[in-house]
$ cat start-v5.pdb   # PDB, C-alpha atoms and all ligand atoms
ATOM      1  CA  MET A 256     -33.856 -32.955  -1.092
ATOM      2  CA  ARG A 257     -31.036 -33.925  -3.465
ATOM      3  CA  LEU A 258     -32.569 -31.646  -6.138
ATOM      4  CA  LEU A 259     -32.735 -28.726  -3.678
ATOM      5  CA  THR A 260     -29.028 -29.178  -2.764
ATOM      6  CA  CYS A 261     -28.162 -29.205  -6.479
ATOM      7  CA  LEU A 262     -30.138 -25.985  -7.086
ATOM      8  CA  ILE A 263     -28.438 -24.215  -4.151
ATOM      9  CA  LEU A 264     -25.015 -25.319  -5.415
ATOM     10  CA  ILE A 265     -25.731 -24.093  -8.957
ATOM     11  CA  ALA A 266     -26.892 -20.692  -7.631
ATOM     12  CA  PHE A 267     -23.750 -20.413  -5.469
ATOM     13  CA  LEU A 268     -21.377 -21.282  -8.314
ATOM     14  CA  ASN A 269     -23.000 -18.622 -10.531
ATOM     15  CA  LEU A 270     -22.174 -15.772  -8.085
ATOM     16  CA  PRO A 271     -19.704 -13.261  -9.551
ATOM     17  CA  ALA A 272     -16.379 -14.229  -7.983
ATOM     18  CA  GLN A 273     -14.899 -10.723  -7.562
ATOM     19  CA  GLU A 274     -17.923  -8.598  -6.620
ATOM     20  CA  ALA A 275     -16.616  -5.626  -4.620
ATOM     21  CA  PRO A 276     -18.219  -4.961  -1.240
ATOM     22  CA  PRO A 277     -19.355  -1.345  -0.743
ATOM     23  CA  GLY A 278     -16.550   1.075   0.111
ATOM     24  CA  LEU A 279     -16.410   2.948   3.433
ATOM     25  CA  THR A 280     -16.197   6.698   4.042
ATOM     26  CA  GLU A 281     -15.190   6.235   7.691
ATOM     27  CA  TYR A 282     -13.255   3.539   9.563
ATOM     28  CA  MET A 283     -12.794   3.212  13.354
ATOM     29  CA  GLY A 284     -13.628   6.893  13.884
ATOM     30  CA  ARG A 285     -11.426   8.190  11.031
ATOM     31  CA  GLN A 286     -12.639   9.896   7.860
ATOM     32  CA  ILE A 287     -11.278   8.052   4.800
ATOM     33  CA  ALA A 288      -9.633  10.378   2.249
ATOM     34  CA  MET A 289     -10.559  10.462  -1.441
ATOM     35  CA  THR A 290      -8.135   8.677  -3.779
ATOM     36  CA  MET A 291      -5.579  11.085  -5.206
ATOM     37  CA  HIS A 292      -6.475  11.490  -8.904
ATOM     38  CA  TRP A 293      -3.878  10.432 -11.503
ATOM     39  CA  LYS A 294      -4.145  13.904 -13.086
ATOM     40  CA  GLY A 295      -2.280  15.200 -10.007
ATOM     41  CA  ALA A 296       0.606  12.721 -10.460
ATOM     42  CA  GLU A 297       3.101  15.531 -11.211
ATOM     43  CA  TRP A 298       2.855  16.483  -7.510
ATOM     44  CA  LEU A 299       4.357  13.113  -6.587
ATOM     45  CA  ILE A 300       7.551  13.908  -8.507
ATOM     46  CA  ARG A 301       7.840  17.584  -7.461
ATOM     47  CA  ARG A 302      11.418  18.732  -6.997
ATOM     48  CA  VAL A 303      10.915  19.847  -3.366
ATOM     49  CA  ARG A 304       9.628  16.426  -2.267
ATOM     50  CA  GLU A 305      13.092  15.343  -1.140
ATOM     51  CA  GLN A 306      13.390  18.417   1.076
ATOM     52  CA  GLU A 307       9.785  18.218   2.369
ATOM     53  CA  GLU A 308       9.435  14.476   3.074
ATOM     54  CA  GLY A 309      12.996  13.114   3.148
ATOM     55  CA  PRO A 310      12.187  10.063   0.954
ATOM     56  CA  SER A 311      15.845   8.987   0.642
ATOM     57  CA  LYS A 312      16.168   9.018   4.431
ATOM     58  CA  MET A 313      12.925   7.014   4.661
ATOM     59  CA  ARG A 314      14.193   4.369   2.207
ATOM     60  CA  GLU A 315      17.492   4.051   4.125
ATOM     61  CA  GLN A 316      15.449   3.072   7.188
ATOM     62  CA  LEU A 317      13.687   0.222   5.355
ATOM     63  CA  GLN A 318      16.737  -2.086   5.500
ATOM     64  CA  VAL A 319      15.808  -3.538   2.111
ATOM     65  CA  LYS A 320      18.424  -6.029   0.897
ATOM     66  CA  PRO A 321      19.376  -7.461  -2.513
ATOM     67  CA  GLY A 322      17.239 -10.469  -3.427
ATOM     68  CA  MET A 323      14.175  -9.368  -1.435
ATOM     69  CA  THR A 324      10.631  -9.305  -2.799
ATOM     70  CA  VAL A 325       9.059  -5.965  -1.945
ATOM     71  CA  CYS A 326       5.695  -4.441  -2.809
ATOM     72  CA  ASP A 327       5.162  -0.721  -3.446
ATOM     73  CA  MET A 328       1.451  -0.586  -2.617
ATOM     74  CA  GLY A 329      -0.337   2.420  -4.149
ATOM     75  CA  CYS A 330       2.781   3.048  -6.218
ATOM     76  CA  GLY A 331       1.363   5.984  -8.221
ATOM     77  CA  ASN A 332       3.758   6.847 -11.050
ATOM     78  CA  GLY A 333       6.603   4.932  -9.389
ATOM     79  CA  TYR A 334       8.433   7.577  -7.350
ATOM     80  CA  HIS A 335       9.521   4.917  -4.827
ATOM     81  CA  THR A 336       9.263   1.884  -7.134
ATOM     82  CA  LEU A 337      12.388   2.695  -9.152
ATOM     83  CA  PRO A 338      14.738   3.198  -6.163
ATOM     84  CA  LEU A 339      13.266   0.041  -4.575
ATOM     85  CA  ALA A 340      14.012  -1.915  -7.778
ATOM     86  CA  GLU A 341      17.627  -0.799  -7.493
ATOM     87  CA  MET A 342      17.783  -1.753  -3.805
ATOM     88  CA  VAL A 343      16.514  -5.334  -4.326
ATOM     89  CA  GLY A 344      18.780  -5.785  -7.364
ATOM     90  CA  GLU A 345      18.391  -8.162 -10.279
ATOM     91  CA  LYS A 346      17.758 -11.184  -8.033
ATOM     92  CA  GLY A 347      14.958  -9.353  -6.229
ATOM     93  CA  LYS A 348      11.521  -8.217  -7.328
ATOM     94  CA  VAL A 349       9.171  -5.269  -6.785
ATOM     95  CA  PHE A 350       5.419  -5.682  -7.135
ATOM     96  CA  ALA A 351       4.047  -2.218  -7.954
ATOM     97  CA  VAL A 352       0.297  -2.045  -7.287
ATOM     98  CA  ASP A 353      -2.158   0.752  -8.012
ATOM     99  CA  VAL A 354      -5.904   0.923  -8.595
ATOM    100  CA  GLN A 355      -5.696   3.607 -11.289
ATOM    101  CA  PRO A 356      -4.719   2.196 -14.703
ATOM    102  CA  GLU A 357      -3.366   5.635 -15.681
ATOM    103  CA  MET A 358      -0.887   5.514 -12.774
ATOM    104  CA  ILE A 359       0.197   2.001 -13.826
ATOM    105  CA  GLU A 360       0.657   3.264 -17.403
ATOM    106  CA  MET A 361       2.913   6.121 -16.187
ATOM    107  CA  LEU A 362       4.862   3.639 -14.060
ATOM    108  CA  LYS A 363       5.332   1.327 -17.066
ATOM    109  CA  GLN A 364       6.642   4.212 -19.170
ATOM    110  CA  ASN A 365       9.114   5.082 -16.412
ATOM    111  CA  ILE A 366      10.413   1.523 -16.011
ATOM    112  CA  ASP A 367      10.671   1.032 -19.799
ATOM    113  CA  ARG A 368      12.562   4.323 -20.195
ATOM    114  CA  LYS A 369      15.074   3.199 -17.568
ATOM    115  CA  GLY A 370      15.240  -0.427 -18.794
ATOM    116  CA  VAL A 371      14.191  -1.770 -15.370
ATOM    117  CA  LYS A 372      13.389  -5.496 -15.515
ATOM    118  CA  ASN A 373      12.557  -6.500 -11.949
ATOM    119  CA  VAL A 374       9.274  -4.583 -11.471
ATOM    120  CA  VAL A 375       5.927  -6.351 -11.835
ATOM    121  CA  PRO A 376       3.134  -3.770 -12.339
ATOM    122  CA  ILE A 377      -0.276  -4.841 -11.001
ATOM    123  CA  ASN A 378      -3.547  -3.026 -11.616
ATOM    124  CA  GLY A 379      -5.193  -3.859  -8.288
ATOM    125  CA  LEU A 380      -8.818  -3.526  -7.200
ATOM    126  CA  TYR A 381      -9.972  -1.264  -4.368
ATOM    127  CA  HIS A 382     -10.564  -4.331  -2.172
ATOM    128  CA  ASP A 383      -7.965  -6.692  -3.643
ATOM    129  CA  PRO A 384      -4.332  -5.910  -4.541
ATOM    130  CA  LYS A 385      -4.064  -9.220  -6.474
ATOM    131  CA  LEU A 386      -0.777 -10.129  -4.791
ATOM    132  CA  PRO A 387       0.340 -13.767  -4.706
ATOM    133  CA  PRO A 388       0.160 -15.263  -1.189
ATOM    134  CA  ASP A 389       3.234 -15.690   1.043
ATOM    135  CA  THR A 390       5.653 -13.881  -1.288
ATOM    136  CA  CYS A 391       6.551 -10.448   0.134
ATOM    137  CA  ASP A 392       9.336  -9.611   2.572
ATOM    138  CA  MET A 393       7.962  -6.099   2.810
ATOM    139  CA  ILE A 394       4.924  -4.103   1.684
ATOM    140  CA  LEU A 395       5.527  -0.357   1.651
ATOM    141  CA  LEU A 396       2.638   2.122   1.688
ATOM    142  CA  VAL A 397       3.739   5.728   1.298
ATOM    143  CA  ASP A 398       0.857   8.150   1.752
ATOM    144  CA  VAL A 399      -1.618   5.452   0.707
ATOM    145  CA  TYR A 400      -3.278   3.621   3.618
ATOM    146  CA  HIS A 401      -5.496   6.577   4.627
ATOM    147  CA  GLU A 402      -7.081   6.416   1.121
ATOM    148  CA  PHE A 403      -8.212   2.788   1.329
ATOM    149  CA  SER A 404     -11.976   2.550   0.859
ATOM    150  CA  HIS A 405     -11.768  -1.128   1.908
ATOM    151  CA  PRO A 406      -9.168  -1.122   4.714
ATOM    152  CA  VAL A 407     -10.221  -4.468   6.220
ATOM    153  CA  GLN A 408     -10.096  -6.388   2.928
ATOM    154  CA  MET A 409      -6.850  -4.696   1.873
ATOM    155  CA  LEU A 410      -5.162  -5.470   5.206
ATOM    156  CA  ALA A 411      -6.306  -9.106   5.048
ATOM    157  CA  SER A 412      -4.967  -9.490   1.491
ATOM    158  CA  MET A 413      -1.655  -7.841   2.357
ATOM    159  CA  ARG A 414      -1.346 -10.009   5.454
ATOM    160  CA  ALA A 415      -1.798 -13.099   3.266
ATOM    161  CA  ALA A 416       0.777 -11.798   0.752
ATOM    162  CA  LEU A 417       3.440 -11.269   3.432
ATOM    163  CA  LYS A 418       5.857 -14.027   4.355
ATOM    164  CA  LYS A 419       5.790 -15.168   8.014
ATOM    165  CA  ASP A 420       8.269 -12.493   9.139
ATOM    166  CA  GLY A 421       7.336  -9.981   6.457
ATOM    167  CA  LEU A 422       6.751  -6.333   7.343
ATOM    168  CA  LEU A 423       3.971  -3.911   6.481
ATOM    169  CA  VAL A 424       5.440  -0.407   6.432
ATOM    170  CA  LEU A 425       3.239   2.656   6.786
ATOM    171  CA  VAL A 426       4.384   6.168   5.946
ATOM    172  CA  GLU A 427       1.639   8.601   6.951
ATOM    173  CA  PHE A 428       1.590  12.385   7.437
ATOM    174  CA  ARG A 429       1.548  13.237  11.172
ATOM    175  CA  ALA A 430      -1.918  14.321  12.346
ATOM    176  CA  GLU A 431      -0.458  15.253  15.759
ATOM    177  CA  ASP A 432       1.513  18.068  14.108
ATOM    178  CA  GLU A 433      -0.541  20.965  12.806
ATOM    179  CA  THR A 434       2.488  22.517  11.083
ATOM    180  CA  VAL A 435       2.441  19.657   8.524
ATOM    181  CA  PRO A 436       0.661  21.394   5.613
ATOM    182  CA  ILE A 437      -1.605  18.533   4.482
ATOM    183  CA  ARG A 438      -5.423  18.241   4.630
ATOM    184  CA  PRO A 439      -6.605  16.558   7.888
ATOM    185  CA  GLU A 440      -8.153  13.487   6.218
ATOM    186  CA  HIS A 441      -4.768  12.774   4.568
ATOM    187  CA  LYS A 442      -3.024  12.647   7.970
ATOM    188  CA  MET A 443      -3.083  10.013  10.742
ATOM    189  CA  THR A 444      -2.071   9.886  14.394
ATOM    190  CA  LYS A 445       0.133   7.067  15.689
ATOM    191  CA  ALA A 446      -2.679   6.041  18.035
ATOM    192  CA  GLN A 447      -5.135   5.675  15.145
ATOM    193  CA  ILE A 448      -2.633   3.742  13.007
ATOM    194  CA  ASN A 449      -1.919   1.331  15.874
ATOM    195  CA  LYS A 450      -5.635   0.898  16.590
ATOM    196  CA  GLU A 451      -6.432  -0.045  12.991
ATOM    197  CA  MET A 452      -3.395  -2.297  12.554
ATOM    198  CA  ASN A 453      -3.947  -4.142  15.843
ATOM    199  CA  ALA A 454      -7.598  -4.783  14.928
ATOM    200  CA  ASN A 455      -6.464  -6.427  11.694
ATOM    201  CA  GLY A 456      -3.730  -8.775  12.872
ATOM    202  CA  PHE A 457      -0.638  -6.533  12.897
ATOM    203  CA  THR A 458       1.695  -5.496  15.734
ATOM    204  CA  LEU A 459       4.144  -2.589  15.798
ATOM    205  CA  LYS A 460       7.743  -3.874  15.502
ATOM    206  CA  ARG A 461       9.690  -0.634  15.171
ATOM    207  CA  GLU A 462       9.286   2.992  14.206
ATOM    208  CA  PHE A 463      11.404   5.915  13.056
ATOM    209  CA  ASP A 464      10.616   9.470  14.147
ATOM    210  CA  GLY A 465      13.252  11.315  12.115
ATOM    211  CA  LEU A 466      11.262  12.244   8.985
ATOM    212  CA  PRO A 467      10.233  15.889   8.515
ATOM    213  CA  TRP A 468       6.464  15.353   8.042
ATOM    214  CA  GLN A 469       5.617  11.664   8.336
ATOM    215  CA  HIS A 470       5.388   8.732  10.699
ATOM    216  CA  LEU A 471       7.344   5.669   9.572
ATOM    217  CA  MET A 472       5.980   2.550  11.269
ATOM    218  CA  PHE A 473       6.882  -1.119  10.734
ATOM    219  CA  PHE A 474       4.270  -3.786  11.499
ATOM    220  CA  GLY A 475       4.627  -7.567  11.658
ATOM    221  CA  LYS A 476       1.904 -10.197  11.753
ATOM    222  CA  SER A 477       0.445 -10.661  15.236
ATOM    223  CA  GLU A 478       0.618 -14.157  16.718
ATOM    224  CA  ALA A 479      -3.130 -14.517  17.122
ATOM    225  CA  LYS A 480      -5.488 -13.947  14.175
TER     226      LYS A 480
HETATM  227  C1  LIG B   1      -0.996   9.962  -2.690
HETATM  228  S1  LIG B   1      -0.689   8.714  -3.877
HETATM  229  C2  LIG B   1       0.914   8.095  -3.358
HETATM  230  C3  LIG B   1       1.702   7.436  -4.481
HETATM  231  C4  LIG B   1       3.076   6.877  -4.103
HETATM  232  N1  LIG B   1       2.995   5.937  -3.003
HETATM  233  C5  LIG B   1       4.054   7.968  -3.751
HETATM  234  O1  LIG B   1       4.391   8.127  -2.553
HETATM  235  O2  LIG B   1       4.507   8.674  -4.665
HETATM  236  C6  LIG B   1      -1.799   7.397  -3.371
HETATM  237  C7  LIG B   1      -1.919   6.277  -4.392
HETATM  238  O3  LIG B   1      -2.613   5.174  -3.790
HETATM  239  C8  LIG B   1      -3.439   4.577  -4.766
HETATM  240  N2  LIG B   1      -4.482   3.772  -4.101
HETATM  241  C9  LIG B   1      -5.581   4.178  -3.416
HETATM  242  N3  LIG B   1      -6.295   3.122  -2.986
HETATM  243  C10 LIG B   1      -5.636   2.011  -3.405
HETATM  244  C11 LIG B   1      -5.856   0.599  -3.262
HETATM  245  N4  LIG B   1      -6.918   0.099  -2.620
HETATM  246  N5  LIG B   1      -4.964  -0.257  -3.825
HETATM  247  C12 LIG B   1      -3.874   0.229  -4.484
HETATM  248  N6  LIG B   1      -3.615   1.539  -4.665
HETATM  249  C13 LIG B   1      -4.479   2.411  -4.126
HETATM  250  C14 LIG B   1      -3.963   5.766  -5.568
HETATM  251  O4  LIG B   1      -4.443   5.384  -6.822
HETATM  252  C15 LIG B   1      -2.710   6.668  -5.645
HETATM  253  O5  LIG B   1      -1.953   6.410  -6.788
END

$ encode --input "start-v5.pdb" --output "structure tokens"
Amino acid sequence: MRLLTCLILIAFLNLPAQEAPPGLTEYMGRQIAMTMHWKGAEWLIRRVREQEEGPSKMREQLQVKPGMTVCDMGCGNGYHTLPLAEMVGEKGKVFAVDVQPEMIEMLKQNIDRKGVKNVVPINGLYHDPKLPPDTCDMILLVDVYHEFSHPVQMLASMRAALKKDGLLVLVEFRAEDETVPIRPEHKMTKAQINKEMNANGFTLKREFDGLPWQHLMFFGKSEAK
């Protein structure tokens, strides 16, 4: 009996620690979008983005303060990371996470060029953003959540990375509005966002409806989970 226990333990300890579970193509009735390829990164810094999406207006709504620790999840080439680094100041920190090493490389070039010192680039995994637990005041996801192939694992990891009163902030193209010129699988309705967040331990705290194309929704940790 003792030998059997030992054999089971040895087999367990030899399991690869970080084996990724299979990715989904659909979650809670929604088609999951393909990850935007790094070769299209120029689109993220297009000149008309300010006019189309109102990113400065969006960042004003975040209420980010100096000294905060913020995460730019799915940061791409750092379009929002650099302004966030300025907002948190030298006493604050921005974790910038992306699954594509090429995006992280572009981000690093951008922060080096500007001499930014308070950004921590992280090459995350599709099911694990590799964030330290209980550290973030805010995790911002701009045009990212709908691409997650592992939404449940990602939400659980982000929940663990948030401080008790930390906020998960979703910016998603409005699926309710057919004049928003984005492919359907890259858009989400408020109802769908709330359904998925509530099922994973998050509750809507506030929202802002004044962006041209996107929902801006702030979620806190639910009491029960
Ligand atoms: C449409 S881009 C948005 C980039 C950036 N947030 C912006 O607004 O400019 C989506 C990004 O999310 C990243 N992404 C997709 N799944 C991810 C995951 N599980 N963890 C981290 N990043 C992810 C992609 O690699 C891509 O760079």

$ closest_residue --input "start-v5.pdb" --among "A:Tyr400, A:Phe473, A:Tyr282, A:Phe350" --to "ligand LIG 1 (chain B)" --atoms "all atoms listed in the file"
A:Tyr400

$ resolve_selection --input "start-v5.pdb" --expression "the PyMOL selection byres (((chain A and resi 475) around 12) and not hetatm)" --output "JSON, numbers by chain"
{"A": [392, 393, 394, 410, 413, 414, 415, 417, 418, 419, 420, 421, 422, 423, 424, 425, 449, 452, 453, 455, 456, 457, 458, 459, 460, 461, 462, 472, 473, 474, 476, 477, 478, 479]}

$ atom_distance --input "start-v5.pdb" --atom1 "CA of Val426 (chain A)" --atom2 "CA of Ser311 (chain A)"
12.9 Å

$ residues_around --input "start-v5.pdb" --residues "Met291 (chain A)" --least-positions-apart "6" --cutoff "10 Å" --atoms "all atoms listed in the file" --output "list of chain:residue names"
A:Gly331, A:Gln355, A:Asp398, A:Val399, A:Glu402, A:His441

$ closest_atom_pairs --input "start-v5.pdb" --of "chain A" --to "ligand LIG 1 (chain B)" --cutoff "8 Å" --atoms "only C-alpha atoms and all ligand atoms" --output "CSV"
residue,atom,partner,partner_atom,distance
A:Thr290,CA,B:LIG1,C9,5.2
A:Met291,CA,B:LIG1,C15,5.3
A:His292,CA,B:LIG1,O4,6.8
A:Trp293,CA,B:LIG1,O5,6.5
A:Ala296,CA,B:LIG1,O5,7.7
A:Leu299,CA,B:LIG1,O2,4.8
A:Ile300,CA,B:LIG1,O2,7.2
A:Asp327,CA,B:LIG1,N1,7.0
A:Met328,CA,B:LIG1,C12,5.7
A:Gly329,CA,B:LIG1,N6,3.4
A:Cys330,CA,B:LIG1,N1,4.3
A:Gly331,CA,B:LIG1,O5,3.6
A:Asn332,CA,B:LIG1,O2,6.7
A:Gly333,CA,B:LIG1,O2,6.4
A:Tyr334,CA,B:LIG1,O2,4.9
A:His335,CA,B:LIG1,O2,6.3
A:Val352,CA,B:LIG1,C12,5.5
A:Asp353,CA,B:LIG1,N6,3.7
A:Val354,CA,B:LIG1,N6,4.6
A:Gln355,CA,B:LIG1,O4,5.0
A:Met358,CA,B:LIG1,O5,6.1
A:Asn378,CA,B:LIG1,C12,7.8
A:Gly379,CA,B:LIG1,C12,5.7
A:Leu380,CA,B:LIG1,N5,6.1
A:Tyr381,CA,B:LIG1,N4,3.8
A:His382,CA,B:LIG1,N4,5.8
A:Asp383,CA,B:LIG1,N4,6.9
A:Pro384,CA,B:LIG1,N5,5.7
A:Leu396,CA,B:LIG1,N1,6.1
A:Val397,CA,B:LIG1,N1,4.4
A:Asp398,CA,B:LIG1,C2,5.1
A:Val399,CA,B:LIG1,C6,4.5
A:Tyr400,CA,B:LIG1,N3,7.3
A:Glu402,CA,B:LIG1,C9,5.3
A:Phe403,CA,B:LIG1,N3,4.7
A:Ser404,CA,B:LIG1,N4,6.6
A:His405,CA,B:LIG1,N4,6.7
A:Pro406,CA,B:LIG1,N4,7.8
A:Met409,CA,B:LIG1,N4,6.6

$ closest_residue --input "start-v5.pdb" --among "A:Val374, A:Met361, A:Leu317, A:Val303" --to "Thr336 (chain A)" --atoms "only C-alpha atoms"
A:Val374

$ residues_around --input "start-v5.pdb" --residues "Asn373 (chain A)" --least-positions-apart "5" --cutoff "12 Å" --atoms "only C-alpha atoms" --output "list of chain:residue names"
A:Pro321, A:Gly322, A:Met323, A:Thr324, A:Val325, A:Cys326, A:Thr336, A:Leu337, A:Pro338, A:Leu339, A:Ala340, A:Glu341, A:Met342, A:Val343, A:Gly344, A:Glu345, A:Lys346, A:Gly347, A:Lys348, A:Val349, A:Phe350, A:Ala351, A:Lys363, A:Ile366, A:Asp367

$ decode --input "start-v5.pdb" --residues "region 387-454 of chain A" --atoms "C-alpha atoms" --output "PDB file, in the first residue's frame"
ATOM      1  CA  PRO A 387       1.704  38.213  -9.352  1.00  0.00           C
ATOM      2  CA  PRO A 388      -1.273  37.674  -7.011  1.00  0.00           C
ATOM      3  CA  ASP A 389      -2.982  40.535  -5.137  1.00  0.00           C
ATOM      4  CA  THR A 390      -0.998  43.329  -6.814  1.00  0.00           C
ATOM      5  CA  CYS A 391      -3.201  45.209  -9.309  1.00  0.00           C
ATOM      6  CA  ASP A 392      -5.480  48.163  -8.614  1.00  0.00           C
ATOM      7  CA  MET A 393      -6.801  47.870 -12.141  1.00  0.00           C
ATOM      8  CA  ILE A 394      -6.574  45.519 -15.126  1.00  0.00           C
ATOM      9  CA  LEU A 395      -7.498  47.181 -18.410  1.00  0.00           C
ATOM     10  CA  LEU A 396      -8.499  45.135 -21.460  1.00  0.00           C
ATOM     11  CA  VAL A 397      -8.995  47.225 -24.583  1.00  0.00           C
ATOM     12  CA  ASP A 398     -10.379  45.178 -27.459  1.00  0.00           C
ATOM     13  CA  VAL A 399      -8.896  42.008 -25.958  1.00  0.00           C
ATOM     14  CA  TYR A 400     -11.352  39.944 -23.886  1.00  0.00           C
ATOM     15  CA  HIS A 401     -13.345  38.697 -26.911  1.00  0.00           C
ATOM     16  CA  GLU A 402     -10.106  37.067 -28.209  1.00  0.00           C
ATOM     17  CA  PHE A 403      -9.434  34.938 -25.127  1.00  0.00           C
ATOM     18  CA  SER A 404      -9.301  31.258 -26.068  1.00  0.00           C
ATOM     19  CA  HIS A 405      -9.284  30.412 -22.332  1.00  0.00           C
ATOM     20  CA  PRO A 406     -11.708  32.954 -20.819  1.00  0.00           C
ATOM     21  CA  VAL A 407     -12.347  31.006 -17.599  1.00  0.00           C
ATOM     22  CA  GLN A 408      -8.662  30.508 -16.755  1.00  0.00           C
ATOM     23  CA  MET A 409      -7.784  34.084 -17.731  1.00  0.00           C
ATOM     24  CA  LEU A 410     -10.593  35.539 -15.596  1.00  0.00           C
ATOM     25  CA  ALA A 411      -9.569  33.387 -12.616  1.00  0.00           C
ATOM     26  CA  SER A 412      -5.925  34.491 -12.929  1.00  0.00           C
ATOM     27  CA  MET A 413      -6.867  38.153 -13.291  1.00  0.00           C
ATOM     28  CA  ARG A 414      -9.211  37.880 -10.320  1.00  0.00           C
ATOM     29  CA  ALA A 415      -6.323  36.512  -8.241  1.00  0.00           C
ATOM     30  CA  ALA A 416      -4.009  39.305  -9.462  1.00  0.00           C
ATOM     31  CA  LEU A 417      -6.449  42.056  -8.447  1.00  0.00           C
ATOM     32  CA  LYS A 418      -6.338  43.589  -4.992  1.00  0.00           C
ATOM     33  CA  LYS A 419      -9.537  43.263  -2.904  1.00  0.00           C
ATOM     34  CA  ASP A 420     -11.090  46.431  -4.359  1.00  0.00           C
ATOM     35  CA  GLY A 421      -9.300  46.216  -7.695  1.00  0.00           C
ATOM     36  CA  LEU A 422     -11.198  46.729 -10.945  1.00  0.00           C
ATOM     37  CA  LEU A 423     -11.313  44.754 -14.174  1.00  0.00           C
ATOM     38  CA  VAL A 424     -12.069  47.173 -17.004  1.00  0.00           C
ATOM     39  CA  LEU A 425     -13.463  45.961 -20.311  1.00  0.00           C
ATOM     40  CA  VAL A 426     -13.497  48.057 -23.466  1.00  0.00           C
ATOM     41  CA  GLU A 427     -15.398  46.154 -26.155  1.00  0.00           C
ATOM     42  CA  PHE A 428     -16.896  47.213 -29.500  1.00  0.00           C
ATOM     43  CA  ARG A 429     -20.706  47.491 -29.214  1.00  0.00           C
ATOM     44  CA  ALA A 430     -22.475  44.509 -30.812  1.00  0.00           C
ATOM     45  CA  GLU A 431     -25.847  46.241 -30.283  1.00  0.00           C
ATOM     46  CA  ASP A 432     -24.833  48.911 -32.807  1.00  0.00           C
ATOM     47  CA  GLU A 433     -24.581  47.760 -36.401  1.00  0.00           C
ATOM     48  CA  THR A 434     -23.048  51.075 -37.500  1.00  0.00           C
ATOM     49  CA  VAL A 435     -19.827  50.154 -35.629  1.00  0.00           C
ATOM     50  CA  PRO A 436     -17.692  48.899 -38.550  1.00  0.00           C
ATOM     51  CA  ILE A 437     -16.061  45.880 -36.868  1.00  0.00           C
ATOM     52  CA  ARG A 438     -16.511  42.145 -37.595  1.00  0.00           C
ATOM     53  CA  PRO A 439     -19.291  40.588 -35.430  1.00  0.00           C
ATOM     54  CA  GLU A 440     -17.014  38.186 -33.516  1.00  0.00           C
ATOM     55  CA  HIS A 441     -14.899  41.188 -32.418  1.00  0.00           C
ATOM     56  CA  LYS A 442     -17.944  42.883 -30.842  1.00  0.00           C
ATOM     57  CA  MET A 443     -19.888  42.116 -27.639  1.00  0.00           C
ATOM     58  CA  THR A 444     -23.245  43.117 -26.191  1.00  0.00           C
ATOM     59  CA  LYS A 445     -23.496  44.435 -22.629  1.00  0.00           C
ATOM     60  CA  ALA A 446     -25.747  41.490 -21.774  1.00  0.00           C
ATOM     61  CA  GLN A 447     -23.130  38.980 -22.942  1.00  0.00           C
ATOM     62  CA  ILE A 448     -20.306  40.774 -21.106  1.00  0.00           C
ATOM     63  CA  ASN A 449     -22.322  40.814 -17.870  1.00  0.00           C
ATOM     64  CA  LYS A 450     -23.266  37.145 -18.276  1.00  0.00           C
ATOM     65  CA  GLU A 451     -19.646  36.041 -18.668  1.00  0.00           C
ATOM     66  CA  MET A 452     -18.308  38.287 -15.902  1.00  0.00           C
ATOM     67  CA  ASN A 453     -21.011  37.287 -13.407  1.00  0.00           C
ATOM     68  CA  ALA A 454     -20.330  33.590 -14.077  1.00  0.00           C
TER      69      ALA A 454
END
